[in-house]
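A.B. asks: Below is entry-v3.txt; it holds compact mmCIF, C-alpha atoms.
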# COMPACT_ATOMS: atom_id res chain seq x y z
CA MET A 1 -24.57 -40.28 -56.78
CA ASN A 2 -24.24 -38.65 -53.34
CA ARG A 3 -21.66 -41.26 -52.39
CA ASP A 4 -19.59 -40.34 -55.48
CA TYR A 5 -19.76 -36.65 -54.58
CA ILE A 6 -18.65 -37.40 -51.01
CA ASN A 7 -15.82 -39.61 -52.23
CA ASN A 8 -14.58 -37.04 -54.76
CA GLY A 9 -14.91 -34.18 -52.30
CA THR A 10 -13.00 -36.07 -49.62
CA LEU A 11 -10.26 -36.99 -52.08
CA LEU A 12 -9.95 -33.38 -53.25
CA ALA A 13 -9.76 -32.15 -49.65
CA LEU A 14 -7.05 -34.72 -48.87
CA VAL A 15 -5.08 -33.67 -51.97
CA ILE A 16 -5.21 -30.01 -50.96
CA LEU A 17 -4.41 -30.73 -47.30
CA ILE A 18 -1.43 -33.00 -47.91
CA SER A 19 -0.12 -30.70 -50.65
CA VAL A 20 -0.19 -27.70 -48.31
CA ILE A 21 1.53 -29.69 -45.56
CA PHE A 22 4.18 -30.94 -48.00
CA LEU A 23 4.88 -27.44 -49.39
CA VAL A 24 5.15 -25.99 -45.88
CA MET A 25 7.52 -28.82 -44.95
CA ILE A 26 9.89 -28.12 -47.88
CA ARG A 27 9.40 -24.33 -47.98
CA SER A 28 13.10 -23.77 -47.25
CA PHE A 29 13.97 -25.60 -50.47
CA LEU A 30 11.30 -24.13 -52.75
CA MET A 31 13.57 -21.35 -54.05
CA PRO A 32 16.46 -23.69 -55.00
CA LEU A 33 13.89 -26.01 -56.64
CA PHE A 34 12.41 -23.15 -58.63
CA MET A 35 15.83 -21.86 -59.71
CA ALA A 36 16.85 -25.42 -60.67
CA GLY A 37 13.83 -25.69 -62.95
CA LEU A 38 14.51 -22.25 -64.39
CA PHE A 39 18.19 -22.76 -65.16
CA SER A 40 17.77 -26.34 -66.33
CA ALA A 41 15.24 -25.06 -68.88
CA MET A 42 17.70 -22.37 -70.01
CA ALA A 43 20.60 -24.85 -70.26
CA ARG A 44 18.54 -27.63 -71.85
CA PRO A 45 19.78 -26.94 -75.43
CA ALA A 46 23.37 -27.55 -74.26
CA TYR A 47 22.29 -30.75 -72.49
CA LEU A 48 20.48 -32.04 -75.59
CA TRP A 49 23.53 -31.27 -77.76
CA LEU A 50 25.80 -33.23 -75.40
CA ASN A 51 23.27 -36.05 -75.16
CA ASP A 52 23.30 -36.43 -78.96
CA ARG A 53 27.10 -36.38 -79.10
CA LEU A 54 27.37 -38.99 -76.33
CA GLY A 55 24.99 -41.42 -77.95
CA GLY A 56 22.05 -40.91 -75.63
CA ARG A 57 23.89 -41.31 -72.31
CA LYS A 58 21.67 -38.96 -70.35
CA MET A 59 23.39 -39.17 -66.98
CA LEU A 60 26.83 -38.38 -68.42
CA ALA A 61 25.41 -35.51 -70.49
CA SER A 62 23.68 -34.14 -67.38
CA VAL A 63 26.89 -34.30 -65.33
CA LEU A 64 28.93 -32.59 -68.06
CA THR A 65 26.31 -29.85 -68.44
CA ILE A 66 26.39 -29.12 -64.71
CA VAL A 67 30.21 -29.13 -64.71
CA GLY A 68 30.11 -26.66 -67.59
CA ILE A 69 27.70 -24.42 -65.64
CA ILE A 70 30.04 -24.49 -62.65
CA ILE A 71 33.16 -23.67 -64.71
CA LEU A 72 31.67 -21.10 -67.09
CA ILE A 73 29.15 -19.36 -64.81
CA LEU A 74 29.37 -20.15 -61.10
CA ALA A 75 33.17 -19.97 -60.74
CA PRO A 76 33.55 -16.53 -62.41
CA LEU A 77 30.45 -15.34 -60.56
CA SER A 78 31.97 -16.43 -57.24
CA LEU A 79 35.16 -14.49 -57.99
CA LEU A 80 33.11 -11.45 -58.92
CA ILE A 81 31.08 -11.71 -55.71
CA ALA A 82 34.32 -11.95 -53.71
CA VAL A 83 35.60 -8.74 -55.35
CA ILE A 84 32.25 -7.02 -54.85
CA THR A 85 32.19 -8.01 -51.18
CA ALA A 86 35.73 -6.78 -50.58
CA GLN A 87 34.97 -3.44 -52.24
CA ALA A 88 31.64 -3.14 -50.40
CA ILE A 89 33.43 -3.58 -47.07
CA SER A 90 36.05 -1.04 -48.15
CA VAL A 91 33.37 1.44 -49.18
CA GLY A 92 31.55 0.89 -45.89
CA GLN A 93 34.74 1.48 -43.88
CA THR A 94 35.44 4.64 -45.89
CA VAL A 95 31.94 6.04 -45.54
CA ARG A 96 31.48 5.28 -41.84
CA PRO A 97 33.84 8.05 -40.57
CA TYR A 98 31.90 10.65 -42.61
CA ILE A 99 28.62 9.25 -41.33
CA GLN A 100 29.89 9.31 -37.77
CA GLU A 101 31.04 12.90 -38.22
CA MET A 102 27.65 13.83 -39.61
CA ILE A 103 25.95 12.19 -36.62
CA ASN A 104 28.22 13.97 -34.12
CA GLU A 105 28.41 17.32 -35.94
CA PRO A 106 25.64 17.62 -38.56
CA ARG A 107 26.34 21.35 -39.03
CA SER A 108 29.59 20.46 -40.77
CA PHE A 109 27.49 19.63 -43.84
CA PHE A 110 26.65 23.30 -44.33
CA HIS A 111 30.32 24.26 -44.26
CA SER A 112 30.95 21.87 -47.17
CA VAL A 113 28.21 23.39 -49.37
CA GLU A 114 28.85 27.08 -48.77
CA GLN A 115 30.11 27.51 -52.33
CA LEU A 116 26.82 26.42 -53.88
CA PRO A 117 24.94 29.24 -55.68
CA PHE A 118 21.69 28.41 -53.86
CA TYR A 119 23.31 28.20 -50.40
CA ASP A 120 21.43 31.29 -49.14
CA GLN A 121 18.12 29.59 -49.87
CA LEU A 122 19.05 26.66 -47.60
CA ILE A 123 19.78 28.78 -44.52
CA PRO A 124 16.10 29.24 -43.43
CA TYR A 125 15.67 25.46 -43.47
CA GLN A 126 18.96 24.73 -41.71
CA THR A 127 17.44 23.19 -38.57
CA ILE A 128 15.11 20.86 -40.50
CA ILE A 129 17.87 19.80 -42.90
CA ILE A 130 20.27 19.06 -40.02
CA GLU A 131 17.65 16.95 -38.29
CA ARG A 132 16.91 14.98 -41.46
CA LEU A 133 20.62 14.53 -42.19
CA GLY A 134 21.16 13.13 -38.71
CA GLN A 135 18.33 10.65 -39.17
CA LEU A 136 19.62 9.68 -42.61
CA ALA A 137 23.17 9.20 -41.34
CA THR A 138 21.97 7.02 -38.46
CA THR A 139 19.87 4.90 -40.83
CA ILE A 140 22.77 4.43 -43.27
CA SER A 141 25.17 3.56 -40.47
CA ASN A 142 22.81 0.96 -39.02
CA PHE A 143 22.22 -0.48 -42.49
CA LEU A 144 25.95 -0.89 -43.13
CA ILE A 145 26.54 -2.53 -39.76
CA ASN A 146 23.58 -4.91 -40.11
CA SER A 147 24.48 -5.78 -43.71
CA LEU A 148 28.08 -6.66 -42.87
CA SER A 149 27.11 -8.65 -39.78
CA SER A 150 24.56 -10.76 -41.70
CA PHE A 151 26.81 -11.38 -44.70
CA THR A 152 28.22 -14.66 -43.33
CA LEU A 153 24.75 -16.17 -42.86
CA VAL A 154 23.67 -15.07 -46.34
CA THR A 155 26.81 -16.61 -47.84
CA ILE A 156 26.23 -19.96 -46.12
CA ASN A 157 22.59 -20.05 -47.26
CA ALA A 158 23.63 -19.18 -50.83
CA ILE A 159 26.20 -22.00 -50.92
CA ILE A 160 23.71 -24.55 -49.58
CA GLY A 161 21.02 -23.35 -52.00
CA THR A 162 23.44 -23.58 -54.95
CA ILE A 163 24.41 -27.15 -54.06
CA ILE A 164 20.74 -28.16 -53.82
CA MET A 165 19.99 -26.39 -57.11
CA LEU A 166 22.77 -28.22 -58.97
CA TYR A 167 21.72 -31.58 -57.49
CA VAL A 168 18.11 -31.05 -58.56
CA MET A 169 19.21 -29.87 -62.01
CA PHE A 170 20.85 -33.26 -62.60
CA PHE A 171 17.46 -34.97 -62.30
CA PHE A 172 15.62 -32.25 -64.20
CA PHE A 173 17.90 -32.81 -67.19
CA THR A 174 17.37 -36.57 -67.24
CA MET A 175 13.66 -36.71 -66.38
CA GLY A 176 12.40 -33.15 -66.83
CA ASP A 177 10.10 -34.02 -69.73
CA LYS A 178 8.32 -36.75 -67.77
CA LEU A 179 7.94 -34.50 -64.73
CA LEU A 180 6.53 -31.63 -66.80
CA ALA A 181 4.09 -33.97 -68.58
CA LYS A 182 2.91 -35.29 -65.21
CA ILE A 183 2.38 -31.76 -63.83
CA LEU A 184 0.41 -30.72 -66.92
CA TYR A 185 -1.65 -33.91 -66.70
CA PHE A 186 -2.79 -33.09 -63.18
CA LEU A 187 -3.81 -29.54 -64.14
CA PRO A 188 -7.55 -29.58 -65.02
CA LEU A 189 -7.03 -27.23 -67.98
CA GLN A 190 -7.44 -27.57 -71.71
CA ASP A 191 -4.23 -28.44 -73.55
CA HIS A 192 -4.12 -25.09 -75.38
CA ASP A 193 -4.44 -23.25 -72.06
CA GLU A 194 -1.59 -25.28 -70.57
CA GLN A 195 0.56 -24.57 -73.61
CA ARG A 196 -0.33 -20.88 -73.35
CA LEU A 197 0.83 -20.71 -69.73
CA LEU A 198 3.99 -22.67 -70.51
CA SER A 199 4.76 -20.46 -73.52
CA LYS A 200 4.29 -17.29 -71.48
CA PHE A 201 6.49 -18.62 -68.68
CA THR A 202 9.24 -19.53 -71.15
CA SER A 203 9.13 -16.28 -73.14
CA VAL A 204 9.13 -14.01 -70.10
CA THR A 205 11.92 -16.01 -68.45
CA ARG A 206 14.00 -15.80 -71.62
CA ALA A 207 13.38 -12.07 -71.98
CA THR A 208 14.17 -11.37 -68.32
CA ILE A 209 17.38 -13.41 -68.39
CA LYS A 210 18.56 -11.76 -71.61
CA GLY A 211 17.72 -8.29 -70.35
CA MET A 212 19.34 -8.85 -66.97
CA VAL A 213 22.49 -10.69 -68.09
CA VAL A 214 23.42 -8.99 -71.36
CA ILE A 215 22.12 -5.45 -70.89
CA GLY A 216 22.78 -5.40 -67.15
CA ALA A 217 26.35 -6.66 -67.55
CA LEU A 218 27.16 -4.14 -70.29
CA GLN A 219 25.62 -1.20 -68.44
CA GLY A 220 27.26 -2.22 -65.17
CA ALA A 221 30.65 -2.55 -66.86
CA ILE A 222 30.38 0.84 -68.60
CA CYS A 223 29.12 2.64 -65.49
CA GLY A 224 31.72 0.93 -63.30
CA PHE A 225 34.43 2.03 -65.75
CA GLY A 226 33.06 5.56 -65.50
CA PHE A 227 33.22 5.41 -61.70
CA TRP A 228 36.84 4.22 -61.95
CA LEU A 229 37.74 7.09 -64.28
CA ALA A 230 36.01 9.53 -61.93
CA GLY A 231 38.13 8.24 -59.02
CA ILE A 232 35.24 6.79 -57.00
CA GLU A 233 36.27 3.99 -54.66
CA GLY A 234 34.85 0.50 -55.28
CA PRO A 235 34.01 0.75 -59.01
CA VAL A 236 33.33 -3.01 -59.28
CA PHE A 237 30.88 -2.82 -56.36
CA TRP A 238 29.07 0.21 -57.79
CA GLY A 239 29.09 -1.25 -61.31
CA SER A 240 27.56 -4.51 -60.06
CA LEU A 241 24.94 -2.57 -58.13
CA MET A 242 24.04 -0.62 -61.27
CA ALA A 243 23.92 -3.87 -63.28
CA VAL A 244 21.20 -5.06 -60.89
CA CYS A 245 19.39 -1.72 -60.99
CA SER A 246 19.42 -1.72 -64.81
CA VAL A 247 16.44 -4.11 -64.90
CA ILE A 248 14.21 -1.53 -63.17
CA PRO A 249 12.30 0.37 -65.89
CA ALA A 250 12.41 4.18 -66.02
CA PHE A 251 15.06 4.46 -63.27
CA GLY A 252 17.73 1.84 -63.95
CA THR A 253 21.35 2.79 -63.32
CA ALA A 254 20.32 6.40 -62.61
CA ILE A 255 19.39 5.28 -59.07
CA VAL A 256 23.12 5.09 -58.36
CA TRP A 257 24.99 7.38 -60.72
CA ILE A 258 22.80 10.49 -60.40
CA PRO A 259 23.31 10.75 -56.59
CA ALA A 260 27.04 10.10 -57.18
CA THR A 261 27.10 12.91 -59.74
CA ILE A 262 25.39 15.29 -57.33
CA ILE A 263 27.84 14.42 -54.54
CA MET A 264 30.81 14.98 -56.85
CA GLY A 265 29.33 18.29 -57.98
CA VAL A 266 28.88 19.41 -54.36
CA SER A 267 32.50 18.39 -53.70
CA GLY A 268 33.71 20.50 -56.63
CA LYS A 269 34.94 17.54 -58.72
CA PHE A 270 33.47 18.73 -62.00
CA ALA A 271 35.71 16.55 -64.17
CA GLY A 272 34.21 13.50 -62.45
CA VAL A 273 30.73 14.93 -63.02
CA ALA A 274 31.41 15.18 -66.75
CA ILE A 275 32.80 11.63 -66.86
CA LEU A 276 29.73 10.18 -65.10
CA ILE A 277 27.32 12.08 -67.34
CA VAL A 278 29.07 10.84 -70.50
CA CYS A 279 29.68 7.21 -69.43
CA CYS A 280 26.56 6.54 -67.38
CA GLY A 281 24.06 8.95 -68.90
CA LEU A 282 24.90 9.15 -72.58
CA ILE A 283 26.63 5.84 -73.36
CA ALA A 284 25.01 3.38 -70.91
CA GLY A 285 21.60 5.04 -71.14
CA ASN A 286 21.47 4.92 -74.94
CA LEU A 287 22.87 1.38 -74.88
CA ASP A 288 19.72 0.27 -73.06
CA ASN A 289 17.49 1.94 -75.65
CA LEU A 290 19.51 0.35 -78.47
CA LEU A 291 19.82 -3.24 -77.24
CA ARG A 292 16.67 -3.89 -75.19
CA PRO A 293 14.23 -3.85 -78.15
CA ARG A 294 16.51 -6.22 -80.11
CA LEU A 295 17.36 -8.64 -77.29
CA VAL A 296 14.13 -8.62 -75.29
CA GLY A 297 11.76 -7.60 -78.09
CA LYS A 298 8.10 -8.16 -77.27
CA ASP A 299 8.65 -11.38 -75.33
CA THR A 300 7.28 -9.93 -72.10
CA GLN A 301 4.30 -8.16 -73.74
CA MET A 302 3.87 -6.16 -70.56
CA HIS A 303 3.59 -2.43 -69.97
CA ASP A 304 6.58 -0.79 -68.30
CA LEU A 305 4.47 -0.16 -65.17
CA PHE A 306 3.83 -3.90 -64.80
CA VAL A 307 7.54 -4.59 -65.24
CA LEU A 308 8.46 -1.86 -62.74
CA PHE A 309 6.09 -2.89 -59.96
CA SER A 310 6.60 -6.63 -60.49
CA THR A 311 10.38 -6.17 -60.30
CA LEU A 312 10.26 -4.05 -57.16
CA GLY A 313 7.62 -6.29 -55.58
CA GLY A 314 9.61 -9.39 -56.48
CA ILE A 315 12.74 -7.97 -54.87
CA SER A 316 10.84 -7.09 -51.68
CA MET A 317 9.33 -10.59 -51.46
CA PHE A 318 12.06 -12.87 -52.83
CA GLY A 319 15.22 -10.80 -52.48
CA ILE A 320 17.61 -10.39 -55.40
CA LEU A 321 16.04 -13.35 -57.23
CA GLY A 322 12.81 -11.35 -57.37
CA ILE A 323 14.32 -9.58 -60.40
CA ILE A 324 13.53 -12.77 -62.32
CA ILE A 325 10.57 -14.14 -60.36
CA GLY A 326 8.58 -10.88 -60.18
CA PRO A 327 8.09 -10.34 -63.94
CA ILE A 328 7.30 -14.04 -64.41
CA ILE A 329 4.52 -13.90 -61.82
CA ALA A 330 3.19 -10.67 -63.36
CA ALA A 331 3.15 -12.24 -66.84
CA LEU A 332 1.32 -15.33 -65.55
CA PHE A 333 -1.14 -13.04 -63.74
CA ILE A 334 -1.95 -11.26 -67.01
CA THR A 335 -2.16 -14.55 -68.93
CA VAL A 336 -4.53 -16.15 -66.40
CA TRP A 337 -6.88 -13.16 -66.59
CA GLU A 338 -6.78 -13.28 -70.40
CA MET A 339 -7.69 -16.99 -70.23
CA TYR A 340 -10.52 -16.11 -67.84
CA GLY A 341 -11.83 -13.57 -70.34
CA ASP A 342 -11.71 -16.12 -73.15
CA VAL A 343 -13.45 -18.90 -71.22
CA PHE A 344 -16.18 -16.78 -69.61
CA LYS A 345 -16.66 -14.21 -72.37
CA ARG A 346 -20.26 -15.32 -72.94
CA PHE A 347 -21.07 -14.47 -69.31
CA LEU A 348 -19.27 -11.10 -69.28
CA PRO A 349 -21.27 -7.99 -70.24
CA GLU A 350 -20.28 -5.96 -73.27
CA VAL A 351 -18.53 -2.67 -72.46
CA LYS A 352 -20.44 0.30 -73.91
CA MET A 353 -17.99 3.00 -72.75
CA GLN A 354 -16.64 5.27 -75.49
CA ILE A 355 -12.86 5.77 -75.75
CA ASN A 356 -11.96 8.84 -77.82
CA GLY A 357 -15.17 8.46 -79.78
CA GLN A 358 -14.68 4.71 -80.36
CA ASN A 359 -15.91 1.63 -78.58
CA PRO A 360 -13.22 -0.37 -76.72
CA SER A 361 -12.96 -3.09 -79.39
CA ALA A 362 -12.47 -0.55 -82.17
CA ALA A 363 -9.94 1.42 -80.14
CA THR A 364 -8.04 -1.75 -79.32
CA ALA A 365 -8.04 -2.91 -82.92
CA ALA A 366 -6.71 0.48 -84.01
CA ASN A 367 -3.78 0.06 -81.63
CA GLY A 368 -3.00 -3.39 -83.04
CA THR A 369 -3.56 -5.30 -79.77
CA ASP A 370 -5.90 -8.14 -78.86
CA THR A 371 -9.55 -7.46 -78.27
CA PRO A 372 -11.24 -8.54 -75.03
CA ASP A 373 -12.44 -11.74 -76.67
CA GLY A 374 -8.92 -12.61 -77.80
CA GLU A 375 -9.34 -11.75 -81.49
CA SER A 376 -7.04 -9.31 -83.31
Write the structure described by the file as structure tokens, please.

C.D. replies:
Amino acid sequence: MNRDYINNGTLLALVILISVIFLVMIRSFLMPLFMAGLFSAMARPAYLWLNDRLGGRKMLASVLTIVGIIILILAPLSLLIAVITAQAISVGQTVRPYIQEMINEPRSFFHSVEQLPFYDQLIPYQTIIIERLGQLATTISNFLINSLSSFTLVTINAIIGTIIMLYVMFFFFTMGDKLLAKILYFLPLQDHDEQRLLSKFTSVTRATIKGMVVIGALQGAICGFGFWLAGIEGPVFWGSLMAVCSVIPAFGTAIVWIPATIIMGVSGKFAGVAILIVCCGLIAGNLDNLLRPRLVGKDTQMHDLFVLFSTLGGISMFGILGIIIGPIIAALFITVWEMYGDVFKRFLPEVKMQINGQNPSAATAANGTDTPDGES
């Protein structure tokens, strides 16, 4: 018996050790691998349709699906990125003289806001404001310089990652089912728990993609059109930036268009202020409230705070792809803890705390959500 324990323990240690070494060795390719799995799952219905039409020729169906992804998605996206980059450089070159002037002569800011009704209230804080403006201008200038200088390296890495992703997708289409079955086999979980994790991963991914692509694209297009009408330089760049920001709950596109509205108001361009409020605030803002419940629905089943912090945390850890990865990790985090509560519920003490005069299970049932033991 002891010999069996030693043998199993040694084998488990070897599995963990070699797995860690292998993951560290391929860590540079983990993100393309993950994105390949994600997008191959999203494009799988198209692959299956082609496979049926081609009489079961999997390799040809896989190649045609990838070609379709390149033509319909990657090529237009590359053109859009080229336009965004050109406008971002133009915006940076336009802003830099003003930033340099603010660094050299920060008091010029007060001359530009003398017409504001609350100007007299700013005068006592003039020294502090000038100091903060100088620091802000220096930070923005350094950010623009560093961003433009690192753009070439980012572009090369993106191209290499895309090539690896497409190459891996070819094999995921043809043998994805076998690979997934093998991964689930090695997980020491009950089948219903594995299906629960897989279902949560799929639903959150679908909801995130729909929310980001459809709602983000529409809001970015409307807000970018508003910036163009208002005469702001680089409307495609700003619209694309707001499309990305649209996935952030509570703030969304307002992160960009509200500061732009304030700047235009300070500059006396009140027609532009009205255009931004109508296009970005009224139209784009209500569009989110109208479409998100219908497109995303309750697929995520997460509170807005979870979505907010998982999105921001995902961006800080994984970059722009964290918009997708962050909510997925948060959803799996919640699901794993729910599974823990189901499996170990006989060991967990009952909660006696009263919530608005009710016990937790009664309060939860009244709200129509799951109880701690998983029952409705």

A.B. asks: Using Å and a single decimal, report how far CA of Leu189 in chain A sits from CA of Val15 in chain A.

C.D. replies: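 Here the two named atoms are 17.4 Å from each other.
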
A.B. asks: Determine, counting all atoms listed in the file, which protein, DNA and RNA residues have an atom within 8 Å of an atom of range 37-41 of chain A; residues of the same chain fewer than 2 positions away are not included. Present the result as JSON, numbers by chain.

C.D. replies: {"A": [33, 34, 35, 43, 44, 169, 172, 173, 205]}

A.B. asks: Excluding range 67-74 of chain A and any residue of its chain fewer than 4 positions from it, enumerate the residues within 9 Å of it, using all atoms listed in the file, and give them as number ranges by chain.

C.D. replies: A: 43, 62-63, 78-79, 166

A.B. asks: Just to confirm, what's the straight-line distance from CA of Leu50 in chain A to CA of Met175 in chain A in Å (one decimal)?

C.D. replies: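 Distance between the two atoms: 15.5 Å.
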
A.B. asks: Which residue is closest to Ile163 in chain A? Choose from A:Ala36, A:Ala207, A:Ile255, A:Ile183 and count all atoms listed in the file.

C.D. replies: A:Ala36

A.B. asks: If you measure from CA of Trp228 in chain A to CA of Ile323 in chain A, what distance in Å do you get, rounded to one decimal?

C.D. replies: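 Between CA of Trp228 in chain A and CA of Ile323 in chain A the gap works out to 26.5 Å.
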
A.B. asks: Go through A:Leu291, A:Ala330, A:Thr162, A:Val351 one by one, measure the shortest atom-to-atom distance of each to Leu308 in chain A using only C-alpha atoms, and give the residue with the smallest value.

C.D. replies: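 Checking each of A:Leu291, A:Ala330, A:Thr162, A:Val351 against Leu308 in chain A, counting only C-alpha atoms, the winner is A:Ala330.
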
A.B. asks: Pick out the closest residue to Val307 in chain A from this set: A:Met31, A:Ile232, A:Ile329, A:Leu287. Count only C-alpha atoms.

C.D. replies: A:Ile329

A.B. asks: Using all atoms listed in the file, which residues of range 265-338 of chain A come within 10 Å of range 224-227 of chain A, and what is the closest atom pair for each, with the distance in Å to one decimal? Give it as a tab-separated table, sorted by chain and residue number.

C.D. replies:
residue	atom	partner	partner_atom	distance
A:Gly272	CA	A:Phe227	CA	8.2
A:Val273	CA	A:Phe227	CA	9.9
A:Ala274	CA	A:Gly226	CA	9.8
A:Ile275	CA	A:Gly226	CA	6.2
A:Leu276	CA	A:Gly226	CA	5.7
A:Ile277	CA	A:Gly226	CA	8.9
A:Val278	CA	A:Gly226	CA	8.3
A:Cys279	CA	A:Gly226	CA	5.4
A:Cys280	CA	A:Gly226	CA	6.8
A:Ala284	CA	A:Gly226	CA	9.9

A.B. asks: Here is a test: counting only C-alpha atoms, which residue of A:Pro235, A:Arg27, A:Phe171, A:Gly176 is nearest to Leu60 in chain A?

C.D. replies: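 Among A:Pro235, A:Arg27, A:Phe171, A:Gly176, it is A:Phe171 that comes nearest to Leu60 in chain A.
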
A.B. asks: When distances are computed from all atoms listed in the file, which of A:Val213, A:Gln219, A:Ala230, A:Leu332 shows the smallest separation from Phe270 in chain A?

C.D. replies: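 Looking only at the distances to Phe270 in chain A, the closest residue turns out to be A:Ala230.
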
A.B. asks: Excluding Ile328 in chain A and its own-chain neighbours fewer than 4 positions away, which residues fall within 9 Å of it when counting only C-alpha atoms? Please give them as a tab-separated table (two decimals) with C-alpha atoms, keeping the file's coordinate frame.

C.D. replies:
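Writing the result to part_21.tsv gives the following:
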chain	number	residue	atom	x	y	z
A	200	LYS	CA	4.29	-17.29	-71.48
A	201	PHE	CA	6.49	-18.62	-68.68
A	202	THR	CA	9.24	-19.53	-71.15
A	204	VAL	CA	9.13	-14.01	-70.10
A	205	THR	CA	11.92	-16.01	-68.45
A	208	THR	CA	14.17	-11.37	-68.32
A	300	THR	CA	7.28	-9.93	-72.10
A	310	SER	CA	6.60	-6.63	-60.49
A	324	ILE	CA	13.53	-12.77	-62.32
A	332	LEU	CA	1.32	-15.33	-65.55
A	333	PHE	CA	-1.14	-13.04	-63.74

A.B. asks: Could you check the closest approach to Thr174 in chain A for each of A:Met59, A:Leu198, A:Ile84, A:Met212 and tell me which residue wins, using only C-alpha atoms?

C.D. replies: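 Of A:Met59, A:Leu198, A:Ile84, A:Met212, the one nearest Thr174 in chain A, counting only C-alpha atoms, is A:Met59.
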
A.B. asks: Can you pull out the residues contacting Thr253 in chain A? Cut-off 9 Å, using all atoms listed in the file, and skip same-chain residues under 6 positions away; I want them as a list in words.

C.D. replies: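 So, after excluding close chain neighbours, the residues are Gln219, Gly220, Cys223, Gly239, Leu241, Met242, Ala243, Val244, Cys245, Ser246, Val247, Cys280, Gly281, Ala284 and Gly285 of chain A.
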